[in-house]
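S.K.: The structure follows.
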Protein chains: 2
Amino acid sequence: MRLSTRGRYGLKAMFQLAIHYGEGPIPLNSIASAQNISENYLEQLVSTLRKEGLLNSVRGAQGGYMLAKAPSEITVGNILRALEGDMAPADCVVEDFSGCEREENCVTKVVWKRMKDSINQVIDSISLQDMLNEKAKMELEKREA
Amino acid sequence: MRLSTRGRYGLKAMFQLAIHYGEGPIPLNSIASAQNISENYLEQLVSTLRKEGLLNSVRGAQGGYMLAKAPSEITVGNILRALEGDMAPADCVVEDFSGCEREENCVTKVVWKRMKDSINQVIDSISLQDMLNEKAKMELEKREA
DNA sequence: AGGAAAACCAAGCGATTTACTTGGAATTAA
DNA sequence: TTAATTCCAAGTAAATCGCTTGGTTTTCCT
């Protein structure tokens, strides 16, 4: 049950933008090379993230992308759901699903629901700011060692 | 990030066997039709589960499958990991993974690790017996309504 | 003994999804 | 005006998914 590259690349890109938050627009090619991702492919992911209101773009030369909100206001959950859709292990626990007749007494559905809730609880509790803090902590520990 | 049918069908099948635990071998076709799954396909999943030691088989006429252990001794985690592999959202947090050079200071890895741990915590805490209890509870509630 | 019911096994296969690439058009700073 | 950049739509090779097919073997039942 892996995430696709959409979610993985997307989070990396957003994290990279968080690192440069406040520095004005960052061009895609710098993000792509910093994270070692195909620029053309990343473009599609970034396009989704923009439409979801998670980042803003500036067109033309010296243009680029920037977070639409402060790193503390954007969670991993926001990013992953934008790129991967509802983070549900089975269709029957996707938001506004209809189609399973035995809905009522389906025990496996209870299991999928608990998995889904657990996943969402984790990703909604981690913001880009938390990741920046983690990065700072890592660098500190490295310097001390 | 959906599970594949392997994990979903597999859990349903194991739950069905849990319902009939203690009744001797249950033939695949009855499980397949009870859960509305292709018998030939289910056969492959069941073969994996047997090799993992989660169920036993009896060959020949009047044969079939049965849980290798009591429902309380088999968790959803046992079943899903047998069929889906390590329940990790990214390769870099799969057990005995090697290959990511920037391992040391990778913040996204911390995120994937927390997701993975959370998922495993949930699925390892639910046994087939818990699911049987849940079923009983559901039926009781229905009768009362 | 013979037939039927079942597990077991290996390969094939069409449809879908994934992870991109290609080839542009539009916009804007220098 | 040109270079840098976003924006957009379509194509595509490879992998994966969700099975199916075609058997062989084992064992119970009559």
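Within each chain, counting starts at residue 1; across the structure tokens, chains are named A, B, ... in the order shown, with ligands numbered 1 upward in that order.
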Per DSSP on the backbone, what are the strand (DSSP E or B) residues of segment 5-142 of chain A, as a ChimeraX atom specification?

M.R.: /A:26,55-58,64-67,75,127

S.K.: Output N, CA and C atoms for every residue in that selection, as a PDB file, in the first residue's frame.

M.R.:
```pdb
ATOM      1  N   ILE A  26       9.873  30.899  -6.374  1.00  0.00           N
ATOM      2  CA  ILE A  26      10.973  29.961  -6.629  1.00  0.00           C
ATOM      3  C   ILE A  26      10.644  29.212  -7.915  1.00  0.00           C
ATOM      4  N   LEU A  55      -0.620  26.596  -3.196  1.00  0.00           N
ATOM      5  CA  LEU A  55       0.482  27.473  -3.582  1.00  0.00           C
ATOM      6  C   LEU A  55       0.050  28.452  -4.652  1.00  0.00           C
ATOM      7  N   ASN A  56       0.826  29.532  -4.775  1.00  0.00           N
ATOM      8  CA  ASN A  56       0.586  30.565  -5.767  1.00  0.00           C
ATOM      9  C   ASN A  56       1.712  30.557  -6.774  1.00  0.00           C
ATOM     10  N   SER A  57       1.408  31.066  -7.970  1.00  0.00           N
ATOM     11  CA  SER A  57       2.436  31.109  -9.002  1.00  0.00           C
ATOM     12  C   SER A  57       2.608  32.527  -9.519  1.00  0.00           C
ATOM     13  N   VAL A  58       3.785  32.791 -10.041  1.00  0.00           N
ATOM     14  CA  VAL A  58       4.057  34.050 -10.735  1.00  0.00           C
ATOM     15  C   VAL A  58       4.601  33.678 -12.099  1.00  0.00           C
ATOM     16  N   GLY A  64       7.799  31.923 -10.682  1.00  0.00           N
ATOM     17  CA  GLY A  64       7.975  30.679  -9.936  1.00  0.00           C
ATOM     18  C   GLY A  64       6.785  30.423  -9.031  1.00  0.00           C
ATOM     19  N   TYR A  65       7.031  29.607  -8.013  1.00  0.00           N
ATOM     20  CA  TYR A  65       5.951  29.234  -7.103  1.00  0.00           C
ATOM     21  C   TYR A  65       6.292  29.612  -5.669  1.00  0.00           C
ATOM     22  N   MET A  66       5.256  29.818  -4.874  1.00  0.00           N
ATOM     23  CA  MET A  66       5.444  30.041  -3.444  1.00  0.00           C
ATOM     24  C   MET A  66       4.241  29.503  -2.684  1.00  0.00           C
ATOM     25  N   LEU A  67       4.448  29.147  -1.445  1.00  0.00           N
ATOM     26  CA  LEU A  67       3.347  28.668  -0.622  1.00  0.00           C
ATOM     27  C   LEU A  67       2.258  29.729  -0.541  1.00  0.00           C
ATOM     28  N   THR A  75      -0.792  21.457   6.095  1.00  0.00           N
ATOM     29  CA  THR A  75      -0.453  20.152   6.665  1.00  0.00           C
ATOM     30  C   THR A  75      -0.101  19.146   5.567  1.00  0.00           C
ATOM     31  N   SER A 127       2.445  19.681  10.155  1.00  0.00           N
ATOM     32  CA  SER A 127       2.461  20.819   9.230  1.00  0.00           C
ATOM     33  C   SER A 127       3.845  20.943   8.605  1.00  0.00           C
TER      34      SER A 127
END
```

S.K.: Can you work out which residues from chain A touch chain D at a cut-off of 12 Å (counting only C-alpha atoms (C1' of nucleotides)) and hand them back as a ChimeraX atom specification?

M.R.: /A:25-30,40,43-44,46-48,50,56-65

S.K.: If we count only C-alpha atoms (C1' of nucleotides) and set the cut-off at 9 Å, which residues sit around Tyr9 of chain B, ignoring sequence neighbours fewer than 4 positions away in its own chain? Please answer as a list in words.

M.R.: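 Residues near the query, excluding close chain neighbours: Ser4, Thr5, Ala13, Met14, Gln35, Ile37, Leu42 and Leu45 of chain B.
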
S.K.: Using the selection just defined, write its residues with N, CA, C and O atoms as a compact mmCIF listing (two decimals), in the first residue's frame.

M.R.:
```txt
# COMPACT_ATOMS: atom_id res chain seq x y z
N SER B 4 -5.01 -3.16 -2.41
CA SER B 4 -5.45 -3.89 -3.59
C SER B 4 -6.52 -4.90 -3.17
O SER B 4 -6.80 -5.08 -1.99
N THR B 5 -7.11 -5.55 -4.17
CA THR B 5 -8.11 -6.57 -3.85
C THR B 5 -7.49 -7.71 -3.05
O THR B 5 -8.21 -8.41 -2.33
N ALA B 13 -12.07 -13.19 3.38
CA ALA B 13 -12.01 -14.65 3.39
C ALA B 13 -11.61 -15.17 4.77
O ALA B 13 -12.21 -16.11 5.30
N MET B 14 -10.62 -14.54 5.37
CA MET B 14 -10.17 -14.99 6.68
C MET B 14 -11.27 -14.75 7.72
O MET B 14 -11.45 -15.55 8.65
N GLN B 35 -18.66 -14.39 -0.11
CA GLN B 35 -18.10 -13.03 -0.15
C GLN B 35 -18.09 -12.46 -1.57
O GLN B 35 -17.59 -11.35 -1.78
N ILE B 37 -16.56 -13.40 -4.47
CA ILE B 37 -15.21 -13.26 -5.02
C ILE B 37 -14.97 -14.41 -5.99
O ILE B 37 -15.48 -15.50 -5.80
N LEU B 42 -9.29 -16.12 -5.63
CA LEU B 42 -9.15 -16.29 -4.19
C LEU B 42 -8.17 -17.40 -3.84
O LEU B 42 -7.43 -17.33 -2.85
N LEU B 45 -4.75 -16.12 -3.32
CA LEU B 45 -4.55 -15.40 -2.07
C LEU B 45 -4.43 -16.38 -0.91
O LEU B 45 -3.55 -16.25 -0.05
```

S.K.: What residues in chain C lie within 9 Å of chain B, counting only C-alpha atoms (C1' of nucleotides), written as a PyMOL selection string?

M.R.: chain C and resi 4-8

S.K.: Would you output that residue set with all heavy atoms, as a compact mmCIF listing (two decimals), in the first residue's frame?

M.R.:
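Once everything was written out, this is out.txt:
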```
# COMPACT_ATOMS: atom_id res chain seq x y z
P DA C 4 -18.62 -38.25 -12.04
OP1 DA C 4 -19.94 -38.40 -12.69
OP2 DA C 4 -17.44 -37.83 -12.82
O5' DA C 4 -18.76 -37.26 -10.79
C5' DA C 4 -19.32 -37.76 -9.58
C4' DA C 4 -18.68 -37.05 -8.41
O4' DA C 4 -17.37 -37.62 -8.14
C3' DA C 4 -18.46 -35.56 -8.65
O3' DA C 4 -18.88 -34.89 -7.47
C2' DA C 4 -16.95 -35.44 -8.85
C1' DA C 4 -16.46 -36.55 -7.93
N9 DA C 4 -15.12 -37.06 -8.23
C8 DA C 4 -14.59 -37.35 -9.46
N7 DA C 4 -13.36 -37.81 -9.40
C5 DA C 4 -13.06 -37.80 -8.05
C6 DA C 4 -11.90 -38.17 -7.33
N6 DA C 4 -10.80 -38.64 -7.91
N1 DA C 4 -11.94 -38.04 -5.99
C2 DA C 4 -13.06 -37.58 -5.41
N3 DA C 4 -14.21 -37.21 -5.98
C4 DA C 4 -14.14 -37.34 -7.31
P DA C 5 -19.17 -33.30 -7.53
OP1 DA C 5 -20.60 -33.10 -7.20
OP2 DA C 5 -18.59 -32.74 -8.77
O5' DA C 5 -18.29 -32.79 -6.31
C5' DA C 5 -18.31 -33.50 -5.08
C4' DA C 5 -17.08 -33.17 -4.30
O4' DA C 5 -15.94 -33.83 -4.90
C3' DA C 5 -16.74 -31.67 -4.28
O3' DA C 5 -16.46 -31.30 -2.94
C2' DA C 5 -15.50 -31.56 -5.17
C1' DA C 5 -14.87 -32.94 -5.00
N9 DA C 5 -14.04 -33.39 -6.12
C8 DA C 5 -14.35 -33.39 -7.44
N7 DA C 5 -13.39 -33.88 -8.21
C5 DA C 5 -12.39 -34.24 -7.32
C6 DA C 5 -11.12 -34.83 -7.50
N6 DA C 5 -10.62 -35.17 -8.68
N1 DA C 5 -10.38 -35.04 -6.39
C2 DA C 5 -10.89 -34.70 -5.20
N3 DA C 5 -12.07 -34.17 -4.90
C4 DA C 5 -12.78 -33.95 -6.02
P DA C 6 -16.71 -29.82 -2.46
OP1 DA C 6 -16.93 -29.81 -1.01
OP2 DA C 6 -17.70 -29.19 -3.37
O5' DA C 6 -15.29 -29.19 -2.84
C5' DA C 6 -14.42 -28.96 -1.81
C4' DA C 6 -13.04 -29.48 -2.15
O4' DA C 6 -13.03 -30.34 -3.32
C3' DA C 6 -12.05 -28.41 -2.58
O3' DA C 6 -11.62 -27.71 -1.45
C2' DA C 6 -10.93 -29.27 -3.14
C1' DA C 6 -11.68 -30.52 -3.65
N9 DA C 6 -11.52 -30.73 -5.08
C8 DA C 6 -12.40 -30.44 -6.08
N7 DA C 6 -11.98 -30.78 -7.28
C5 DA C 6 -10.73 -31.31 -7.06
C6 DA C 6 -9.75 -31.86 -7.92
N6 DA C 6 -9.90 -31.95 -9.25
N1 DA C 6 -8.61 -32.30 -7.36
C2 DA C 6 -8.45 -32.22 -6.03
N3 DA C 6 -9.31 -31.74 -5.12
C4 DA C 6 -10.44 -31.29 -5.71
P DA C 7 -10.86 -26.32 -1.66
OP1 DA C 7 -11.08 -25.55 -0.43
OP2 DA C 7 -11.23 -25.76 -2.96
O5' DA C 7 -9.34 -26.77 -1.71
C5' DA C 7 -8.81 -27.44 -0.58
C4' DA C 7 -7.47 -28.07 -0.95
O4' DA C 7 -7.62 -28.80 -2.18
C3' DA C 7 -6.35 -27.06 -1.17
O3' DA C 7 -5.16 -27.57 -0.59
C2' DA C 7 -6.26 -26.97 -2.69
C1' DA C 7 -6.68 -28.35 -3.13
N9 DA C 7 -7.34 -28.34 -4.44
C8 DA C 7 -8.53 -27.76 -4.78
N7 DA C 7 -8.86 -27.92 -6.04
C5 DA C 7 -7.81 -28.66 -6.58
C6 DA C 7 -7.56 -29.14 -7.87
N6 DA C 7 -8.39 -28.95 -8.90
N1 DA C 7 -6.42 -29.84 -8.05
C2 DA C 7 -5.59 -30.02 -7.01
N3 DA C 7 -5.72 -29.62 -5.75
C4 DA C 7 -6.87 -28.93 -5.60
P DC C 8 -3.86 -26.65 -0.52
OP1 DC C 8 -2.94 -27.28 0.45
OP2 DC C 8 -4.33 -25.28 -0.34
O5' DC C 8 -3.24 -26.80 -1.97
C5' DC C 8 -2.32 -27.85 -2.22
C4' DC C 8 -1.92 -27.83 -3.67
O4' DC C 8 -3.08 -27.71 -4.50
C3' DC C 8 -1.03 -26.64 -4.07
O3' DC C 8 0.28 -27.14 -4.31
C2' DC C 8 -1.68 -26.06 -5.32
C1' DC C 8 -2.65 -27.16 -5.73
N1 DC C 8 -3.86 -26.74 -6.48
C2 DC C 8 -4.00 -27.11 -7.82
O2 DC C 8 -3.10 -27.78 -8.35
N3 DC C 8 -5.09 -26.74 -8.51
C4 DC C 8 -6.05 -26.03 -7.91
N4 DC C 8 -7.12 -25.69 -8.63
C5 DC C 8 -5.94 -25.65 -6.54
C6 DC C 8 -4.83 -26.01 -5.88
```

S.K.: Do a neighbour search on Leu128 of chain B at 12 Å with only C-alpha atoms (C1' of nucleotides), toss out local chain neighbours closer than 5 positions, and write the hits as an NGL selection string.

M.R.: (:A and (107-108 or 111)) or (:B and (11-21 or 54 or 67 or 69-79 or 123 or 133-135))

S.K.: Residues of chain B near chain A: apply a cut-off of 9 Å, count only C-alpha atoms, and supply the list as a PyMOL selection string.

M.R.: chain B and resi 1-4+8+11-12+15+76+84-91+104-108+110-111+114-116+118-120+122-123+126+131-132+134-135+138-139+142

S.K.: Could you write out the selected residues, including C-alpha atoms, as a PDB file, in the first residue's frame?

M.R.:
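The result, written out as out-v2.pdb:
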```
ATOM      1  CA  MET B   1      -3.605   5.022  -1.398  1.00  0.00           C
ATOM      2  CA  ARG B   2      -5.966   2.079  -1.621  1.00  0.00           C
ATOM      3  CA  LEU B   3      -5.291  -1.488  -0.672  1.00  0.00           C
ATOM      4  CA  SER B   4      -5.451  -3.888  -3.592  1.00  0.00           C
ATOM      5  CA  ARG B   8      -9.411  -6.721   0.876  1.00  0.00           C
ATOM      6  CA  LEU B  11      -9.372 -10.239   5.008  1.00  0.00           C
ATOM      7  CA  LYS B  12     -12.942 -11.054   4.008  1.00  0.00           C
ATOM      8  CA  PHE B  15     -13.103 -13.402   8.489  1.00  0.00           C
ATOM      9  CA  VAL B  76      -5.547  -7.964  10.559  1.00  0.00           C
ATOM     10  CA  GLU B  84       0.242  -6.791   0.520  1.00  0.00           C
ATOM     11  CA  GLY B  85       3.779  -6.860   1.851  1.00  0.00           C
ATOM     12  CA  ASP B  86       5.115  -4.352   4.322  1.00  0.00           C
ATOM     13  CA  MET B  87       2.454  -1.711   4.931  1.00  0.00           C
ATOM     14  CA  ALA B  88       4.677   1.259   4.183  1.00  0.00           C
ATOM     15  CA  PRO B  89       3.650   4.404   2.299  1.00  0.00           C
ATOM     16  CA  ALA B  90       7.111   4.657   0.691  1.00  0.00           C
ATOM     17  CA  ASP B  91       9.902   2.233  -0.141  1.00  0.00           C
ATOM     18  CA  GLU B 104      20.403  10.717   7.310  1.00  0.00           C
ATOM     19  CA  ASN B 105      18.749  14.074   6.983  1.00  0.00           C
ATOM     20  CA  CYS B 106      15.567  13.223   5.094  1.00  0.00           C
ATOM     21  CA  VAL B 107      12.613  14.874   6.751  1.00  0.00           C
ATOM     22  CA  THR B 108       9.973  13.320   4.531  1.00  0.00           C
ATOM     23  CA  VAL B 110      10.203  10.869   9.203  1.00  0.00           C
ATOM     24  CA  VAL B 111       6.700  11.571   7.929  1.00  0.00           C
ATOM     25  CA  ARG B 114       5.033   8.021  11.373  1.00  0.00           C
ATOM     26  CA  MET B 115       2.339   7.047   8.854  1.00  0.00           C
ATOM     27  CA  LYS B 116       3.639   3.507   8.696  1.00  0.00           C
ATOM     28  CA  SER B 118       0.301   4.444  12.835  1.00  0.00           C
ATOM     29  CA  ILE B 119      -1.132   2.053  10.250  1.00  0.00           C
ATOM     30  CA  ASN B 120       0.629  -0.926  11.771  1.00  0.00           C
ATOM     31  CA  VAL B 122      -4.072  -0.097  14.137  1.00  0.00           C
ATOM     32  CA  ILE B 123      -3.973  -3.306  12.139  1.00  0.00           C
ATOM     33  CA  ILE B 126      -7.396  -5.812  15.642  1.00  0.00           C
ATOM     34  CA  MET B 131     -14.101  -8.633  14.293  1.00  0.00           C
ATOM     35  CA  LEU B 132     -16.332 -11.506  15.423  1.00  0.00           C
ATOM     36  CA  GLU B 134     -17.992  -6.502  16.391  1.00  0.00           C
ATOM     37  CA  LYS B 135     -20.257  -8.636  14.221  1.00  0.00           C
ATOM     38  CA  MET B 138     -23.919  -5.246  15.159  1.00  0.00           C
ATOM     39  CA  GLU B 139     -26.431  -8.053  15.061  1.00  0.00           C
ATOM     40  CA  LYS B 142     -30.048  -4.574  14.708  1.00  0.00           C
TER      41      LYS B 142
END
```

S.K.: One decimal, Å: what's the distance from atom CA of Asn36 of chain A over to atom CA of Gly22 of chain A, could you say?

M.R.: 22.8 Å

S.K.: Just the number, please: distance in Å from atom CA of Ala32 of chain A to atom C1' of DA19 of chain C, one decimal.

M.R.: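 Atom CA of Ala32 of chain A sits 15.0 Å away from atom C1' of DA19 of chain C.
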
S.K.: Please measure the separation of atom CA of Gly53 of chain A and atom CA of Glu39 of chain A, giving the value in Å to one decimal.

M.R.: 20.5 Å

S.K.: List every residue of chain A that DSSP, applied to the backbone of this structure, places in alpha helix (DSSP H), and write the result as a ChimeraX atom specification.

M.R.: /A:5-19,28-35,39-51,76-84,107-124,128-144
